[in-house]
Amino acid sequence: MKKTLISTLALLMAALGAKAQTAPATAQRPEVLIETTMGNIRLQLYNETPQHRDNFLKLIRTHHFYDSLLFHRVIPDFMIQAGDPRSKHAPAGELLGNTSLDYTLPAEIRLPQIFHKRGALAAAREGDKTNPERRSSSTQFYIVYGKVCDETTLERGRQNLRQLFGDSITMSPEMERVYTTLGGTPHLDGAYTVFGEVTEGMDVVEKIQAVERDANDRPLTDVRIVRATITRDVPGMEPRPKATPKRTKRMARRR
């Protein structure tokens, strides 16, 4: 019974992924600029994951949500994580990472086309025990740094995919090529939604993931998002220019 459910889920996810590749993927991808205290990171958001894309843009467009938040968790050769609203005013040493807005997003896993290569932008989430559907946090995200993979690391990723999907989704030759040349974190594939990638600023990601940190992987010196701005929006969602007030003739004073 469990194997049947896994196979059905895997086929559904594969079908969704194939459908997503045919239409919106060809459109221009939205772009976001993340200005941090250690430099700038430019992100491109995937049209293949529209709910994550739109949520991320809404938080920036409507609420300026990420301005002043910290990268509250960094692990060398792995990833950097941000998006906890408590981090904006958190005192030094406070444990962060348990807060988001009061909703989650459905998983949008698009394997084998979209995976955890170096520079991937992905959504954090609660663990499988409390979140078996692997729904994403509304606000918290991470950027993959990872490492160039050897055969042992690739096999760990393959085993993970077999456990999640049986034989319906496997590691493609393109995934293997990227992981063994560019790098990434293959053992996360299938478990978290990847919804974008870094197009500029991987040198900044590299610096952030290497900072000194405490026992909870919080940087000892705060690394803050100064500002997040949309540099290319979804067509039709761009802010409308403010209308110029019309001049009206003053009424003549009565004498």
# chains A, B, ... in the order shown; residues from 1 in each chain; ligands from 1
>>> residues_around(residues="His89 of chain A", least_positions_apart="2", cutoff="12 Å", atoms="only C-alpha atoms", output="NGL selection string")
:A and (67-70 or 72 or 84-87 or 91-94 or 96 or 222 or 224)
>>> write_last_selection(atoms="all heavy atoms", output="short mmCIF file (atom, residue, chain, number, x, y, z; two decimals), in the first residue's frame")
data_model
loop_
_atom_site.label_atom_id
_atom_site.label_comp_id
_atom_site.auth_asym_id
_atom_site.auth_seq_id
_atom_site.Cartn_x
_atom_site.Cartn_y
_atom_site.Cartn_z
N ASP A 67 13.35 43.05 3.99
CA ASP A 67 14.25 44.14 4.36
C ASP A 67 14.60 44.04 5.84
O ASP A 67 13.72 43.94 6.70
CB ASP A 67 13.60 45.50 4.08
CG ASP A 67 13.36 45.74 2.60
OD1 ASP A 67 13.60 44.80 1.80
OD2 ASP A 67 12.92 46.84 2.23
N SER A 68 15.89 44.03 6.14
CA SER A 68 16.46 44.01 7.50
C SER A 68 16.47 42.63 8.17
O SER A 68 16.91 42.52 9.31
CB SER A 68 15.75 45.01 8.43
OG SER A 68 15.93 46.33 7.96
N LEU A 69 16.00 41.58 7.50
CA LEU A 69 16.08 40.25 8.10
C LEU A 69 17.50 39.70 7.99
O LEU A 69 18.29 40.11 7.16
CB LEU A 69 15.11 39.28 7.41
CG LEU A 69 13.62 39.62 7.48
CD1 LEU A 69 12.80 38.42 7.01
CD2 LEU A 69 13.20 40.03 8.88
N LEU A 70 17.81 38.73 8.86
CA LEU A 70 19.15 38.14 8.92
C LEU A 70 19.23 36.85 8.11
O LEU A 70 18.23 36.15 7.91
CB LEU A 70 19.52 37.79 10.37
CG LEU A 70 19.57 38.91 11.40
CD1 LEU A 70 19.90 38.32 12.77
CD2 LEU A 70 20.60 39.96 11.01
N HIS A 72 20.06 33.79 9.18
CA HIS A 72 20.13 33.33 10.57
C HIS A 72 20.77 31.95 10.71
O HIS A 72 21.07 31.52 11.83
CB HIS A 72 18.72 33.28 11.19
CG HIS A 72 17.80 32.31 10.52
ND1 HIS A 72 16.95 32.69 9.50
CD2 HIS A 72 17.59 30.98 10.72
CE1 HIS A 72 16.25 31.63 9.11
NE2 HIS A 72 16.62 30.57 9.83
N ASP A 84 13.29 34.40 8.53
CA ASP A 84 12.58 34.35 9.80
C ASP A 84 12.24 35.78 10.22
O ASP A 84 13.14 36.59 10.46
CB ASP A 84 13.44 33.69 10.87
CG ASP A 84 12.73 33.52 12.21
OD1 ASP A 84 11.75 34.24 12.46
OD2 ASP A 84 13.17 32.67 13.01
N PRO A 85 10.93 36.14 10.32
CA PRO A 85 10.59 37.53 10.66
C PRO A 85 11.09 37.95 12.03
O PRO A 85 11.30 39.15 12.26
CB PRO A 85 9.06 37.55 10.59
CG PRO A 85 8.63 36.12 10.66
CD PRO A 85 9.74 35.32 10.06
N ARG A 86 11.31 37.02 12.95
CA ARG A 86 11.84 37.36 14.28
C ARG A 86 13.28 37.88 14.21
O ARG A 86 13.75 38.54 15.13
CB ARG A 86 11.80 36.15 15.21
CG ARG A 86 10.43 35.81 15.75
CD ARG A 86 10.50 34.63 16.71
NE ARG A 86 11.37 34.89 17.84
CZ ARG A 86 11.00 35.50 18.95
NH1 ARG A 86 9.75 35.92 19.07
NH2 ARG A 86 11.84 35.68 19.94
N SER A 87 13.95 37.58 13.12
CA SER A 87 15.37 37.92 13.05
C SER A 87 15.62 39.42 12.89
O SER A 87 16.73 39.89 13.13
CB SER A 87 16.04 37.17 11.91
OG SER A 87 15.61 37.63 10.64
N PRO A 91 18.14 39.69 19.39
CA PRO A 91 19.41 39.97 20.08
C PRO A 91 20.45 38.91 19.71
O PRO A 91 20.13 37.82 19.23
CB PRO A 91 19.03 39.87 21.55
CG PRO A 91 17.84 38.98 21.59
CD PRO A 91 17.09 39.24 20.33
N ALA A 92 21.70 39.24 19.93
CA ALA A 92 22.80 38.33 19.62
C ALA A 92 22.60 36.99 20.32
O ALA A 92 22.23 36.94 21.50
CB ALA A 92 24.13 38.95 20.03
N GLY A 93 22.83 35.91 19.60
CA GLY A 93 22.78 34.58 20.19
C GLY A 93 21.42 33.94 20.26
O GLY A 93 21.31 32.75 20.59
N GLU A 94 20.33 34.68 19.98
CA GLU A 94 18.99 34.08 20.04
C GLU A 94 18.84 33.01 18.97
O GLU A 94 19.24 33.20 17.82
CB GLU A 94 17.92 35.15 19.85
CG GLU A 94 16.50 34.59 19.92
CD GLU A 94 15.43 35.66 19.75
OE1 GLU A 94 15.75 36.86 19.86
OE2 GLU A 94 14.26 35.29 19.52
N LEU A 96 17.12 31.18 16.15
CA LEU A 96 16.15 31.61 15.14
C LEU A 96 15.83 30.46 14.20
O LEU A 96 16.51 29.45 14.17
CB LEU A 96 16.70 32.81 14.36
CG LEU A 96 16.99 34.06 15.18
CD1 LEU A 96 17.80 35.07 14.37
CD2 LEU A 96 15.67 34.70 15.65
N ASP A 222 26.19 39.56 12.68
CA ASP A 222 24.98 39.52 11.87
C ASP A 222 25.26 39.78 10.40
O ASP A 222 25.98 40.72 10.04
CB ASP A 222 23.97 40.56 12.37
CG ASP A 222 23.31 40.15 13.68
OD1 ASP A 222 23.42 38.97 14.05
OD2 ASP A 222 22.69 41.02 14.31
N ARG A 224 22.99 40.68 7.30
CA ARG A 224 21.62 41.18 7.17
C ARG A 224 21.26 41.45 5.72
O ARG A 224 22.10 41.88 4.92
CB ARG A 224 21.47 42.47 7.99
CG ARG A 224 20.04 42.92 8.22
CD ARG A 224 19.98 44.10 9.16
NE ARG A 224 20.45 43.79 10.51
CZ ARG A 224 19.72 43.21 11.45
NH1 ARG A 224 18.47 42.87 11.19
NH2 ARG A 224 20.23 42.97 12.64
#
>>> closest_residue(among="A:Glu176, A:Glu108, A:Glu151, A:Asp167", to="Glu133 of chain A", atoms="only C-alpha atoms")
A:Glu108
>>> residues_around(residues="Asp150 of chain A", least_positions_apart="3", cutoff="9 Å", atoms="only C-alpha atoms", output="VMD selection string")
chain A and resid 153 to 155 179 to 180
>>> atom_distance(atom1="atom CA of Val74 of chain A", atom2="atom CA of Val144 of chain A")
10.2 Å
>>> atom_distance(atom1="atom CA of Thr36 of chain A", atom2="atom CA of Leu105 of chain A")
25.8 Å
>>> closest_residue(among="A:Met175, A:Leu59, A:Ala82, A:Leu33", to="Ala122 of chain A", atoms="only C-alpha atoms")
A:Ala82
>>> residues_around(residues="Ile114 of chain A", least_positions_apart="3", cutoff="12 Å", atoms="only C-alpha atoms", output="VMD selection string")
chain A and resid 14 17 to 18 20 to 21 25 45 to 49 108 to 111 117 to 122 171 to 172 174 to 175 178 186 188 to 190 192 to 197
>>> select_by_dssp(residues="segment 16-122 of chain A", states="helix (DSSP H, G or I)", output="number ranges by chain")
A: 16-22, 24-26, 50-63, 85-89
>>> atom_distance(atom1="atom CA of Gln209 of chain A", atom2="atom CA of Ile80 of chain A")
5.9 Å
>>> closest_residue(among="A:Asp77, A:Glu35, A:Asp128, A:Asp102", to="Ala210 of chain A", atoms="only C-alpha atoms")
A:Asp77
>>> residues_around(residues="Pro76 of chain A", least_positions_apart="2", cutoff="10 Å", atoms="only C-alpha atoms", output="list of chain:residue names")
A:Val74, A:Phe78, A:Met79, A:Ile80, A:Tyr145, A:Gly146, A:Lys147, A:Glu206, A:Lys207, A:Ile208, A:Gln209, A:Ala210, A:Val211, A:Glu212, A:Arg213, A:Asp217
>>> residues_around(residues="Glu31 of chain A", least_positions_apart="2", cutoff="8 Å", atoms="only C-alpha atoms", output="list in words")
Arg29, Leu33, Arg42, Leu43, Gln44, Leu45, Ile230, Thr231, Arg232 and Asp233 of chain A
